[in-house]
$ cat query.cif   # mmCIF, C-alpha atoms
data_run
#
loop_
_atom_site.label_atom_id
_atom_site.label_comp_id
_atom_site.auth_asym_id
_atom_site.auth_seq_id
_atom_site.Cartn_x
_atom_site.Cartn_y
_atom_site.Cartn_z
CA MET A 1 106.06 56.69 89.22
CA ILE A 2 104.83 59.81 91.02
CA LYS A 3 107.45 62.53 91.10
CA HIS A 4 105.57 65.66 92.12
CA HIS A 5 103.68 65.85 95.40
CA PRO A 6 101.81 68.51 97.35
CA SER A 7 103.97 70.38 99.85
CA ASP A 8 103.86 69.44 103.53
CA GLU A 9 102.10 72.74 104.23
CA THR A 10 99.34 71.77 101.82
CA LEU A 11 98.96 68.30 103.36
CA PHE A 12 98.94 69.91 106.79
CA ARG A 13 96.16 72.26 105.69
CA TYR A 14 94.29 69.30 104.21
CA ALA A 15 94.50 67.59 107.58
CA ASN A 16 93.41 70.59 109.64
CA GLY A 17 90.59 71.46 107.26
CA SER A 18 91.80 74.92 106.28
CA LEU A 19 92.50 74.04 102.65
CA GLU A 20 89.67 75.40 100.50
CA PRO A 21 87.18 72.90 99.02
CA GLY A 22 88.55 73.18 95.45
CA PRO A 23 92.22 72.51 96.23
CA ARG A 24 91.04 70.01 98.84
CA ILE A 25 89.44 67.75 96.25
CA ILE A 26 92.57 67.95 94.06
CA VAL A 27 94.73 66.83 96.99
CA ALA A 28 92.22 64.04 97.74
CA VAL A 29 92.48 62.87 94.13
CA HIS A 30 96.26 62.86 94.40
CA ALA A 31 96.32 61.06 97.76
CA GLY A 32 93.91 58.48 96.34
CA GLY A 33 96.75 57.29 94.12
CA CYS A 34 99.74 58.20 96.28
CA ALA A 35 100.44 56.07 99.35
CA THR A 36 103.17 58.46 100.50
CA CYS A 37 100.85 61.44 100.69
CA ALA A 38 97.95 59.38 102.07
CA SER A 39 100.19 58.28 104.90
CA ARG A 40 101.50 61.81 105.47
CA ILE A 41 97.90 63.05 105.71
CA SER A 42 97.13 60.31 108.24
CA GLU A 43 100.09 61.47 110.31
CA PHE A 44 98.93 65.07 110.26
CA GLU A 45 95.40 63.94 111.14
CA ALA A 46 96.88 62.06 114.07
CA VAL A 47 98.55 65.34 115.06
CA GLY A 48 95.04 66.81 115.10
CA GLY A 49 93.69 63.91 117.13
CA SER A 50 96.50 64.23 119.63
CA LEU A 51 96.18 68.01 119.97
CA MET A 52 92.40 67.74 120.34
CA HIS A 53 92.77 65.01 122.94
CA ASP A 54 95.02 67.25 125.03
CA ILE A 55 93.14 70.51 124.47
CA GLU A 56 91.72 72.45 127.42
CA PRO A 57 88.05 71.43 127.07
CA ASP A 58 85.17 73.89 126.71
CA ASP A 59 81.94 73.49 128.65
CA MET A 60 79.07 72.11 126.61
CA GLU A 61 75.52 73.36 127.23
CA PRO A 62 74.03 71.40 130.15
CA SER A 63 71.33 70.00 127.86
CA ALA A 64 73.73 69.03 125.08
CA LEU A 65 73.73 65.27 125.67
CA ASP A 66 69.93 65.17 126.08
CA HIS A 67 69.59 67.12 122.89
CA VAL A 68 71.77 64.73 120.93
CA MET A 69 70.05 61.72 122.53
CA ALA A 70 66.68 63.09 121.41
CA LYS A 71 68.01 63.42 117.87
CA ILE A 72 69.27 59.87 118.08
CA GLU A 73 65.78 58.63 119.03
CA ILE A 74 64.30 60.33 115.99
CA ASP A 75 67.11 59.01 113.89
CA GLU A 76 66.69 55.42 115.11
CA ALA A 77 62.95 55.58 114.40
CA ALA A 78 63.68 56.62 110.84
CA ARG A 79 66.55 54.20 110.46
CA ASP A 80 65.13 52.26 107.57
CA ARG A 81 64.43 55.33 105.57
CA LEU A 82 66.89 55.51 102.78
CA ALA A 83 68.87 58.72 102.68
CA VAL A 84 68.58 59.92 99.13
CA ARG A 85 71.12 62.38 97.91
CA PRO A 86 70.41 64.12 94.64
CA ARG A 87 72.88 62.93 92.03
CA LEU A 88 74.71 65.67 90.23
CA PRO A 89 74.72 65.36 86.43
CA ARG A 90 77.79 63.64 85.04
CA ALA A 91 78.90 63.96 81.46
CA ASP A 92 81.10 61.29 79.91
CA VAL A 93 84.52 62.88 79.54
CA GLY A 94 86.12 59.87 77.91
CA ILE A 95 88.29 58.68 80.81
CA ARG A 96 87.61 56.87 84.03
CA LEU A 97 87.65 59.45 86.78
CA PRO A 98 89.08 58.79 90.26
CA GLN A 99 86.63 57.39 92.80
CA VAL A 100 87.04 60.48 94.99
CA LEU A 101 85.06 62.37 92.35
CA ASP A 102 82.10 59.95 92.40
CA ASP A 103 79.74 62.45 94.04
CA CYS A 104 80.87 65.39 91.97
CA GLY A 105 79.01 66.77 89.00
CA ILE A 106 80.94 66.64 85.73
CA GLY A 107 80.09 69.05 82.94
CA PRO A 108 80.50 68.35 79.23
CA TRP A 109 83.70 69.33 77.43
CA ARG A 110 83.62 72.87 76.18
CA TRP A 111 85.94 74.53 73.73
CA ILE A 112 88.02 77.25 75.33
CA GLY A 113 90.71 77.94 72.76
CA PRO A 114 92.66 76.13 70.05
CA GLY A 115 93.42 72.64 71.30
CA VAL A 116 92.06 73.30 74.80
CA ARG A 117 88.78 72.10 76.30
CA TRP A 118 87.46 72.32 79.82
CA SER A 119 84.69 70.78 81.87
CA ARG A 120 83.30 72.17 85.09
CA VAL A 121 83.49 69.98 88.18
CA THR A 122 80.89 70.75 90.85
CA LEU A 123 81.33 69.60 94.42
CA PRO A 124 78.29 68.32 96.32
CA GLY A 125 76.83 71.19 98.33
CA ASP A 126 79.23 73.75 96.93
CA ASP A 127 78.67 75.67 93.71
CA ASN A 128 81.48 78.08 94.30
CA ALA A 129 84.62 76.00 94.15
CA ASN A 130 86.63 76.62 91.02
CA VAL A 131 87.40 73.07 89.98
CA MET A 132 87.72 71.98 86.38
CA LEU A 133 88.97 69.31 84.06
CA LEU A 134 91.25 70.49 81.29
CA LYS A 135 92.05 68.65 78.10
CA VAL A 136 94.90 69.85 75.93
CA THR A 137 95.97 68.25 72.65
CA ALA A 138 99.41 66.70 72.17
CA GLY A 139 102.33 69.04 71.62
CA ARG A 140 100.43 72.20 72.43
CA LYS A 141 102.35 74.97 74.08
CA LEU A 142 100.37 76.98 76.59
CA PRO A 143 100.95 80.71 76.93
CA GLU A 144 103.64 81.75 79.38
CA HIS A 145 102.02 82.87 82.58
CA THR A 146 102.38 83.58 86.26
CA HIS A 147 99.84 83.02 89.01
CA THR A 148 98.11 85.32 91.41
CA GLY A 149 97.40 82.59 93.92
CA TYR A 150 98.01 78.91 94.26
CA GLU A 151 96.90 76.67 91.45
CA TYR A 152 96.71 72.94 92.03
CA THR A 153 96.86 70.74 88.95
CA HIS A 154 96.75 66.97 89.06
CA VAL A 155 97.52 64.99 85.92
CA LEU A 156 94.98 62.27 85.11
CA LYS A 157 96.22 61.31 81.67
CA GLY A 158 99.18 62.18 79.43
CA SER A 159 101.83 64.63 80.53
CA PHE A 160 103.16 68.14 80.25
CA SER A 161 106.56 69.64 80.85
CA ASP A 162 107.94 72.99 81.83
CA ALA A 163 111.23 74.32 83.16
CA ARG A 164 110.59 72.59 86.50
CA GLY A 165 110.21 69.13 85.07
CA ARG A 166 107.80 66.68 83.57
CA TYR A 167 104.37 66.06 85.07
CA GLY A 168 102.76 62.71 84.32
CA PRO A 169 99.75 60.76 85.57
CA GLY A 170 99.48 60.96 89.37
CA ASP A 171 101.68 64.04 89.65
CA LEU A 172 100.38 67.12 91.39
CA ASP A 173 101.67 70.52 90.38
CA GLU A 174 101.35 73.06 93.13
CA ALA A 175 102.22 76.37 91.53
CA ASP A 176 102.34 79.52 93.61
CA ASP A 177 102.74 83.09 92.48
CA ASP A 178 106.52 82.71 92.25
CA VAL A 179 106.19 80.26 89.42
CA GLN A 180 106.43 81.58 85.92
CA HIS A 181 106.13 78.85 83.42
CA GLN A 182 105.20 77.83 79.92
CA PRO A 183 103.90 74.29 80.03
CA ILE A 184 104.06 72.18 76.89
CA VAL A 185 101.92 69.09 76.55
CA ASP A 186 104.13 66.19 75.55
CA LYS A 187 103.93 64.97 71.96
CA ASP A 188 102.80 61.41 72.69
CA GLY A 189 99.18 62.27 73.43
CA GLU A 190 96.60 64.60 74.86
CA CYS A 191 96.80 65.62 78.49
CA ILE A 192 93.86 65.66 80.89
CA CYS A 193 94.22 67.39 84.25
CA ILE A 194 91.99 68.32 87.11
CA ALA A 195 92.77 71.74 88.48
CA ALA A 196 91.60 74.13 91.15
CA LEU A 197 92.36 77.66 92.13
CA GLU A 198 92.80 78.85 95.65
CA GLY A 199 90.48 81.74 96.36
CA GLN A 200 87.08 81.95 94.77
CA MET A 201 87.53 85.33 93.19
CA LYS A 202 91.11 84.96 92.06
CA LEU A 203 90.42 84.62 88.40
CA ARG A 204 93.47 86.38 87.09
CA GLY A 205 95.75 83.35 87.01
CA PHE A 206 96.29 81.22 83.98
CA PHE A 207 93.22 79.04 84.26
CA GLY A 208 91.36 82.04 85.57
CA ARG A 209 92.12 83.97 82.43
CA LEU A 210 91.09 81.02 80.33
CA ILE A 211 87.74 80.58 82.01
CA GLN A 212 87.06 84.22 82.83
CA PRO A 213 85.00 84.82 79.65
CA LEU A 214 82.93 81.74 80.45
CA ILE A 215 82.23 82.52 84.07
CA GLY A 216 81.73 86.20 83.33
CA MET B 1 88.79 83.39 134.68
CA ASN B 2 85.90 82.37 136.89
CA ALA B 3 86.09 80.87 140.33
CA SER B 4 85.49 77.30 139.23
CA GLY B 5 88.35 77.60 136.76
CA HIS B 6 90.72 78.53 139.59
CA HIS B 7 89.38 75.72 141.62
CA PHE B 8 90.09 73.27 138.82
CA ILE B 9 93.65 74.45 138.40
CA ALA B 10 94.18 74.28 142.16
CA ASP B 11 92.95 70.69 142.10
CA LYS B 12 95.38 69.78 139.37
CA ALA B 13 98.25 71.43 141.17
CA PHE B 14 97.32 69.55 144.33
CA LEU B 15 97.17 66.29 142.42
CA ALA B 16 100.60 66.92 140.89
CA PHE B 17 101.93 67.71 144.35
CA GLU B 18 100.46 64.53 145.74
CA VAL B 19 102.01 62.48 142.97
CA ALA B 20 105.40 64.12 143.43
CA LYS B 21 105.26 63.71 147.19
CA THR B 22 104.38 60.04 147.22
CA GLY B 23 106.49 59.21 144.19
CA LEU B 24 103.74 56.98 142.91
CA ALA B 25 103.93 55.92 139.31
CA VAL B 26 100.57 57.43 138.50
CA THR B 27 99.66 58.10 134.91
CA MET B 28 98.81 61.77 134.74
CA ARG B 29 95.61 62.41 132.94
CA LYS B 30 94.11 65.62 131.68
CA ASP B 31 91.07 64.81 133.74
CA GLU B 32 89.53 61.90 135.53
CA GLU B 33 87.12 60.84 132.80
CA SER B 34 89.76 60.48 130.11
CA PRO B 35 89.25 57.00 128.64
CA SER B 36 92.40 55.18 127.55
CA ALA B 37 92.76 54.49 123.84
CA PRO B 38 91.62 50.83 124.02
CA GLU B 39 88.81 51.84 126.35
CA ALA B 40 87.55 54.49 123.93
CA SER B 41 87.81 51.97 121.13
CA ARG B 42 85.77 49.45 123.14
CA LEU B 43 83.09 52.07 123.96
CA LEU B 44 82.78 52.93 120.31
CA ALA B 45 82.46 49.25 119.41
CA ALA B 46 79.63 48.97 121.96
CA VAL B 47 77.87 51.91 120.32
CA ALA B 48 78.27 50.28 116.92
CA ALA B 49 77.21 46.76 117.93
CA ASP B 50 74.60 47.35 120.64
CA ARG B 51 73.59 50.98 120.16
CA ASP B 52 74.85 51.31 123.73
CA ARG B 53 73.66 54.69 125.02
CA ALA B 54 75.66 54.54 128.25
CA ALA B 55 78.87 53.95 126.31
CA PHE B 56 77.95 56.84 124.04
CA ALA B 57 77.38 59.12 127.04
CA VAL B 58 80.91 58.41 128.29
CA LEU B 59 82.37 59.22 124.87
CA PHE B 60 80.21 62.33 124.71
CA GLY B 61 81.38 63.50 128.12
CA PHE B 62 85.00 63.31 127.11
CA TYR B 63 84.98 64.28 123.45
CA ALA B 64 82.17 66.82 122.98
CA PRO B 65 83.90 69.50 125.14
CA ARG B 66 87.17 68.90 123.28
CA VAL B 67 85.54 69.06 119.88
CA LYS B 68 83.90 72.31 120.94
CA ALA B 69 87.22 73.71 122.13
CA PHE B 70 88.87 72.78 118.82
CA LEU B 71 86.05 74.44 116.86
CA ARG B 72 86.20 77.60 118.95
CA ARG B 73 89.92 77.87 118.53
CA SER B 74 89.52 77.54 114.79
CA GLY B 75 87.42 80.67 114.82
CA MET B 76 83.81 79.63 115.43
CA THR B 77 81.53 81.49 117.80
CA ALA B 78 80.60 79.66 121.01
CA SER B 79 77.09 78.90 119.79
CA ALA B 80 78.22 77.65 116.37
CA ALA B 81 80.90 75.53 118.04
CA GLU B 82 78.31 74.07 120.44
CA ASP B 83 76.07 73.28 117.51
CA VAL B 84 78.74 71.67 115.36
CA ALA B 85 80.12 69.75 118.36
CA GLN B 86 76.66 68.24 118.92
CA GLU B 87 76.40 67.49 115.21
CA THR B 88 79.82 65.83 115.33
CA MET B 89 78.77 63.57 118.21
CA LEU B 90 75.58 62.66 116.38
CA ILE B 91 77.69 61.58 113.41
CA VAL B 92 79.91 59.60 115.80
CA TRP B 93 76.78 57.73 116.88
CA LYS B 94 75.61 57.16 113.32
CA LYS B 95 78.98 56.17 111.90
CA ALA B 96 80.32 54.19 114.86
CA SER B 97 80.32 50.99 112.82
CA TYR B 98 82.65 52.61 110.30
CA PHE B 99 85.30 53.21 112.92
CA ASP B 100 88.28 51.02 112.17
CA PRO B 101 90.89 50.85 114.94
CA ALA B 102 93.34 49.54 112.34
CA ARG B 103 93.08 52.83 110.56
CA ALA B 104 93.05 55.56 113.20
CA GLY B 105 92.71 56.11 116.93
CA VAL B 106 89.37 57.25 118.37
CA SER B 107 90.61 60.81 118.99
CA THR B 108 91.91 61.08 115.44
CA TRP B 109 88.73 59.63 113.99
CA ILE B 110 86.53 62.04 115.94
CA PHE B 111 88.86 64.88 115.05
CA THR B 112 88.39 64.20 111.32
CA ILE B 113 84.61 64.07 111.76
CA ALA B 114 84.68 67.42 113.56
CA ARG B 115 86.94 68.85 110.89
CA ASN B 116 84.59 67.70 108.12
CA ALA B 117 81.54 69.00 109.98
CA ARG B 118 83.29 72.35 110.26
CA ILE B 119 84.11 72.39 106.54
CA ASP B 120 80.49 71.55 105.82
CA ARG B 121 79.25 74.32 108.10
CA LEU B 122 81.45 76.88 106.38
CA ARG B 123 80.29 75.58 103.02
CA ARG B 124 76.67 75.79 104.06
CA GLU B 125 76.88 79.39 105.17
CA GLY B 126 75.17 81.62 102.67
CA ARG B 127 73.49 78.67 101.00
CA PRO B 128 69.87 77.52 101.19
CA ALA B 129 69.67 75.06 104.09
CA ALA B 130 67.56 72.53 102.17
CA VAL B 131 70.26 72.01 99.59
CA ALA B 132 73.09 71.90 102.07
CA GLU B 133 71.31 69.36 104.30
CA ALA B 134 71.58 66.82 101.51
CA PHE B 135 75.33 66.74 101.92
CA ASP B 136 76.50 64.50 104.71
CA PRO B 137 79.77 65.89 106.05
CA SER B 138 81.00 62.45 106.97
CA ASP B 139 80.98 61.62 103.28
CA GLU B 140 83.74 64.11 102.70
CA PRO B 141 86.30 62.10 100.76
CA ASP B 142 89.01 60.72 102.98
CA ALA B 143 92.40 59.72 101.77
CA PRO B 144 91.96 56.01 100.97
CA VAL B 145 93.69 53.35 103.03
CA SER B 146 96.80 51.93 101.48
CA GLY B 147 97.86 48.36 102.12
CA GLU B 148 100.54 49.02 104.71
CA GLN B 149 98.44 51.67 106.43
CA ALA B 150 96.04 49.34 108.18
CA VAL B 151 98.74 47.63 110.20
CA ILE B 152 100.51 50.71 111.37
CA ALA B 153 97.68 52.95 112.57
CA ALA B 154 98.26 52.43 116.28
CA GLU B 155 101.99 52.66 115.82
CA ARG B 156 101.51 55.89 113.87
CA GLU B 157 99.42 57.48 116.63
CA GLU B 158 102.14 56.65 119.11
CA ARG B 159 104.87 57.93 116.81
CA VAL B 160 103.04 61.22 116.23
CA ARG B 161 102.56 61.70 119.96
CA THR B 162 106.23 61.04 120.60
CA ALA B 163 107.30 63.34 117.75
CA LEU B 164 105.21 66.21 119.08
CA GLY B 165 106.91 65.74 122.44
CA LEU B 166 110.36 65.77 120.83
CA LEU B 167 109.80 68.99 118.89
CA PRO B 168 111.50 72.03 120.37
CA ARG B 169 108.92 73.85 122.50
CA GLU B 170 108.66 76.90 120.26
CA GLN B 171 108.17 74.82 117.13
CA ALA B 172 105.55 72.69 118.86
CA GLU B 173 103.70 75.87 119.88
CA ILE B 174 103.85 77.33 116.37
CA LEU B 175 102.51 74.10 114.89
CA LYS B 176 99.75 73.92 117.45
CA MET B 177 98.67 77.51 116.86
CA SER B 178 98.68 77.16 113.12
CA PHE B 179 97.06 73.72 113.19
CA PHE B 180 93.99 74.94 114.97
CA GLY B 181 94.05 78.14 112.97
CA GLU B 182 93.24 79.90 116.21
CA GLU B 183 95.68 82.68 115.55
CA THR B 184 96.18 84.79 112.50
CA GLN B 185 99.73 85.08 111.23
CA SER B 186 100.05 88.50 112.84
CA GLN B 187 98.98 87.07 116.19
CA ILE B 188 101.55 84.30 115.86
CA ALA B 189 104.14 86.94 114.95
CA SER B 190 103.45 88.98 118.07
CA ALA B 191 103.19 85.92 120.33
CA PHE B 192 106.68 84.85 119.33
CA GLY B 193 108.15 88.30 118.75
CA ILE B 194 109.06 87.52 115.16
CA PRO B 195 108.49 89.62 112.04
CA LEU B 196 105.22 88.92 110.26
CA GLY B 197 107.09 87.99 107.09
CA THR B 198 108.83 85.06 108.77
CA VAL B 199 105.76 83.32 110.24
CA LYS B 200 105.21 81.29 107.12
CA SER B 201 108.81 80.14 106.98
CA ARG B 202 108.75 79.33 110.71
CA VAL B 203 105.70 77.13 110.19
CA ARG B 204 107.48 75.51 107.25
CA LEU B 205 110.59 74.90 109.37
CA ALA B 206 108.53 73.40 112.19
CA LEU B 207 106.75 71.11 109.73
CA GLY B 208 110.07 70.06 108.22
CA ARG B 209 111.40 69.23 111.67
CA LEU B 210 108.24 67.26 112.51
CA ARG B 211 108.54 65.34 109.26
CA GLN B 212 112.18 64.53 110.01
CA ILE B 213 111.37 63.29 113.52
CA LEU B 214 108.42 61.25 112.26
CA ASP B 215 110.58 59.61 109.60
CA ASP B 216 113.43 58.95 112.06
CA LEU B 217 110.98 57.21 114.40
CA LYS B 218 109.82 54.86 111.67
#

$ encode --input "query.cif" --output "structure tokens"
Amino acid sequence: MIKHHPSDETLFRYANGSLEPGPRIIVAVHAGGCATCASRISEFEAVGGSLMHDIEPDDMEPSALDHVMAKIEIDEAARDRLAVRPRLPRADVGIRLPQVLDDCGIGPWRWIGPGVRWSRVTLPGDDNANVMLLKVTAGRKLPEHTHTGYEYTHVLKGSFSDARGRYGPGDLDEADDDVQHQPIVDKDGECICIAALEGQMKLRGFFGRLIQPLIG
Amino acid sequence: MNASGHHFIADKAFLAFEVAKTGLAVTMRKDEESPSAPEASRLLAAVAADRDRAAFAVLFGFYAPRVKAFLRRSGMTASAAEDVAQETMLIVWKKASYFDPARAGVSTWIFTIARNARIDRLRREGRPAAVAEAFDPSDEPDAPVSGEQAVIAAEREERVRTALGLLPREQAEILKMSFFGEETQSQIASAFGIPLGTVKSRVRLALGRLRQILDDLK
């Protein structure tokens, strides 16, 4: 039972494309397992479709259609050619990852501190997004911390709790800079999350501080 | 504004006058070429099944200028917007067979392609082109279809359209401005004469209202 969802603002930004690639993939992972949020995103996308339909149109270049038609000719001629996309390396992290991540690169687990391991997730065509898997052993208390930007954490396995509640599989924790918390991984097993930071250089948050020595 | 722009507006005003005068139940359209939703859907099906270039040209004529306008309002230069709009329409051609009317309307589908192409363009900036080319923007993960979703796509489009019409004018404007990202928060603040600090909460309020209306219409 999913209890924690992304905010409407976040789903709205997913729909209009202004959510950064890192947080975007976290929201996509969540929506992949959450019919409520998937449907909310569809509604906001329909808002986009409706607004675009009614927008005051811009003039295209006079040759625009010809140009696209010419590309289509080339494309049709090469239709049988198989589009090969380089596969990003994927380490086995011990759990089945959501389908949304199929094209992402997955790094091996690396030790980051007592009871905590991380793995870098790379997005196709984007080396800069700060996305990672985190694995924390059962019962471990993480240091109390605040955030300097938004951090999006989606639980894939196990659970953790803090003053705001308990986060289990399928839950998405959207923590902004107002949140000060001390998450504790529940005793019944390890917890694996996928997390992203908003802002490429904002490495002063909790995960930022954890991975700062590794990223340099 | 240039002379042709004035001319266009004058035409629309004249048309509105004509409609009012005769009292005809004429469906007002943004412009003459606007295909109806089922028509657009049928054109797209023709592109998918028969690689129908004439059908594609009609879709291009209506959607490319709107995609470009959306891209410009979200902060792209005119030439980048032209480029990405052409790219978007090329993807529409290539992916026409993936269009599922049970899932989204044509405008919404093309909007999401344009959005993804824009994300890809931003991602590509500052990166070697050869690497970035390998990433097809239309492969950007979409939220998967849930069981109930397929049935209600058309109903959803209608509901969203109605909800936008029911929103108080100011909230509709704020949502529109922030959706396209055309205005920074300070521009929104000055446009509505509200303090900068309250823009975020105004957007939040407008979204909350939209959500409420959408749910009430269900």

$ residues_around --input "query.cif" --residues "Ser79 (chain B)" --least-positions-apart "5" --cutoff "10 Å" --atoms "only C-alpha atoms" --output "list in words"
Met60 and Glu61 of chain A; Lys68, Arg72, Val84 and Ala85 of chain B

$ resolve_selection --input "query.cif" --expression "the PyMOL selection byres ((chain A and resi 87-92) around 7)" --output "VMD selection string"
chain A and resid 85 to 86 93 to 94 104 to 108

$ write_last_selection --input "query.cif" --atoms "C-alpha atoms" --output "PDB file, keeping the file's coordinate frame"
ATOM      1  CA  ARG A  85      71.120  62.380  97.910  1.00  0.00           C
ATOM      2  CA  PRO A  86      70.410  64.120  94.640  1.00  0.00           C
ATOM      3  CA  VAL A  93      84.520  62.880  79.540  1.00  0.00           C
ATOM      4  CA  GLY A  94      86.120  59.870  77.910  1.00  0.00           C
ATOM      5  CA  CYS A 104      80.870  65.390  91.970  1.00  0.00           C
ATOM      6  CA  GLY A 105      79.010  66.770  89.000  1.00  0.00           C
ATOM      7  CA  ILE A 106      80.940  66.640  85.730  1.00  0.00           C
ATOM      8  CA  GLY A 107      80.090  69.050  82.940  1.00  0.00           C
ATOM      9  CA  PRO A 108      80.500  68.350  79.230  1.00  0.00           C
TER      10      PRO A 108
END

$ residues_around --input "query.cif" --residues "Trp109 (chain A)" --least-positions-apart "3" --cutoff "9 Å" --atoms "all atoms listed in the file" --output "list in words"
Ala91, Asp92, Val93, Arg117, Trp118, Ser119, Arg120, Leu133, Leu134 and Lys135 of chain A

$ write_last_selection --input "query.cif" --atoms "C-alpha atoms" --output "mmCIF file, in the coordinates of the input"
data_model
loop_
_atom_site.group_PDB
_atom_site.id
_atom_site.type_symbol
_atom_site.label_atom_id
_atom_site.label_comp_id
_atom_site.auth_asym_id
_atom_site.auth_seq_id
_atom_site.Cartn_x
_atom_site.Cartn_y
_atom_site.Cartn_z
ATOM 1 C CA ALA A 91 78.900 63.960 81.460
ATOM 2 C CA ASP A 92 81.100 61.290 79.910
ATOM 3 C CA VAL A 93 84.520 62.880 79.540
ATOM 4 C CA ARG A 117 88.780 72.100 76.300
ATOM 5 C CA TRP A 118 87.460 72.320 79.820
ATOM 6 C CA SER A 119 84.690 70.780 81.870
ATOM 7 C CA ARG A 120 83.300 72.170 85.090
ATOM 8 C CA LEU A 133 88.970 69.310 84.060
ATOM 9 C CA LEU A 134 91.250 70.490 81.290
ATOM 10 C CA LYS A 135 92.050 68.650 78.100
#

$ resolve_selection --input "query.cif" --expression "the PyMOL selection byres ((chain B and resi 168) around 12)" --output "list in words"
Ala163, Leu164, Gly165, Leu166, Leu167, Arg169, Glu170, Gln171, Ala172, Glu173, Ile174, Leu175, Leu205, Ala206, Leu207, Arg209, Leu210 and Ile213 of chain B

$ resolve_selection --input "query.cif" --expression "the PyMOL selection byres ((chain B and resi 119) around 10)" --output "list in words"
Asn16, Gly17, Ser18, Leu19, Glu20 and Pro21 of chain A; Ile113, Ala114, Arg115, Asn116, Ala117, Arg118, Asp120, Arg121, Leu122, Arg123, Arg124, Pro137 and Glu140 of chain B

$ interface_residues --input "query.cif" --of "chain A" --to "chain B" --cutoff "6 Å" --atoms "only C-alpha atoms" --output "MDAnalysis selection string"
chainID A and resid 16:17 28 31:32 35 38 46 49 57:60 85 125

$ closest_residue --input "query.cif" --among "A:Ala175, A:Leu11, A:Cys37, A:Val155" --to "Val136 (chain A)" --atoms "all atoms listed in the file"
A:Val155

$ atom_distance --input "query.cif" --atom1 "CA of Ala40 (chain B)" --atom2 "CA of Leu59 (chain B)"
7.1 Å

$ residues_around --input "query.cif" --residues "Asp171 (chain A)" --least-positions-apart "3" --cutoff "7 Å" --atoms "all atoms listed in the file" --output "PyMOL selection string"
chain A and resi 2-5+154-155+167-168

$ atom_distance --input "query.cif" --atom1 "CA of Val27 (chain A)" --atom2 "CA of Lys157 (chain A)"
16.4 Å

$ closest_residue --input "query.cif" --among "A:Val68, A:Cys191, A:Ala15, A:Ile25" --to "Val100 (chain A)" --atoms "all atoms listed in the file"
A:Ile25

$ residues_near_point --input "query.cif" --point "(109.0, 74.4, 84.4)" --cutoff "8 Å" --atoms "only C-alpha atoms" --output "PyMOL selection string"
chain A and resi 161-166+180-183

$ write_last_selection --input "query.cif" --atoms "C-alpha atoms" --output "JSON list (two decimals), in the coordinates of the input"
[["chain", "number", "residue", "atom", "x", "y", "z"],
["A", 161, "SER", "CA", 106.56, 69.64, 80.85],
["A", 162, "ASP", "CA", 107.94, 72.99, 81.83],
["A", 163, "ALA", "CA", 111.23, 74.32, 83.16],
["A", 164, "ARG", "CA", 110.59, 72.59, 86.50],
["A", 165, "GLY", "CA", 110.21, 69.13, 85.07],
["A", 166, "ARG", "CA", 107.80, 66.68, 83.57],
["A", 180, "GLN", "CA", 106.43, 81.58, 85.92],
["A", 181, "HIS", "CA", 106.13, 78.85, 83.42],
["A", 182, "GLN", "CA", 105.20, 77.83, 79.92],
["A", 183, "PRO", "CA", 103.90, 74.29, 80.03]]

$ closest_residue --input "query.cif" --among "A:Ala196, A:Ser42, A:Ser7, A:His53" --to "Ser36 (chain B)" --atoms "only C-alpha atoms"
A:His53

$ closest_residue --input "query.cif" --among "A:Val185, A:Met69, A:Leu51, A:Ile194" --to "Gly139 (chain A)" --atoms "only C-alpha atoms"
A:Val185

$ atom_distance --input "query.cif" --atom1 "CA of Val116 (chain A)" --atom2 "CA of Leu156 (chain A)"
15.4 Å

$ residues_around --input "query.cif" --residues "Ala138 (chain A)" --least-positions-apart "3" --cutoff "10 Å" --atoms "only C-alpha atoms" --output "list in words"
Gly115, Lys135, Lys141, Gly158, Ser159, Phe160, Ile184, Val185, Asp186, Lys187, Asp188, Gly189, Glu190 and Cys191 of chain A

$ write_last_selection --input "query.cif" --atoms "C-alpha atoms" --output "CSV table (one decimal), in the frame of the given file"
chain,number,residue,atom,x,y,z
A,115,GLY,CA,93.4,72.6,71.3
A,135,LYS,CA,92.0,68.6,78.1
A,141,LYS,CA,102.4,75.0,74.1
A,158,GLY,CA,99.2,62.2,79.4
A,159,SER,CA,101.8,64.6,80.5
A,160,PHE,CA,103.2,68.1,80.2
A,184,ILE,CA,104.1,72.2,76.9
A,185,VAL,CA,101.9,69.1,76.6
A,186,ASP,CA,104.1,66.2,75.6
A,187,LYS,CA,103.9,65.0,72.0
A,188,ASP,CA,102.8,61.4,72.7
A,189,GLY,CA,99.2,62.3,73.4
A,190,GLU,CA,96.6,64.6,74.9
A,191,CYS,CA,96.8,65.6,78.5

$ closest_residue --input "query.cif" --among "B:Ala102, B:Met76, B:Ala189, B:Val92" --to "Ala48 (chain B)" --atoms "only C-alpha atoms"
B:Val92
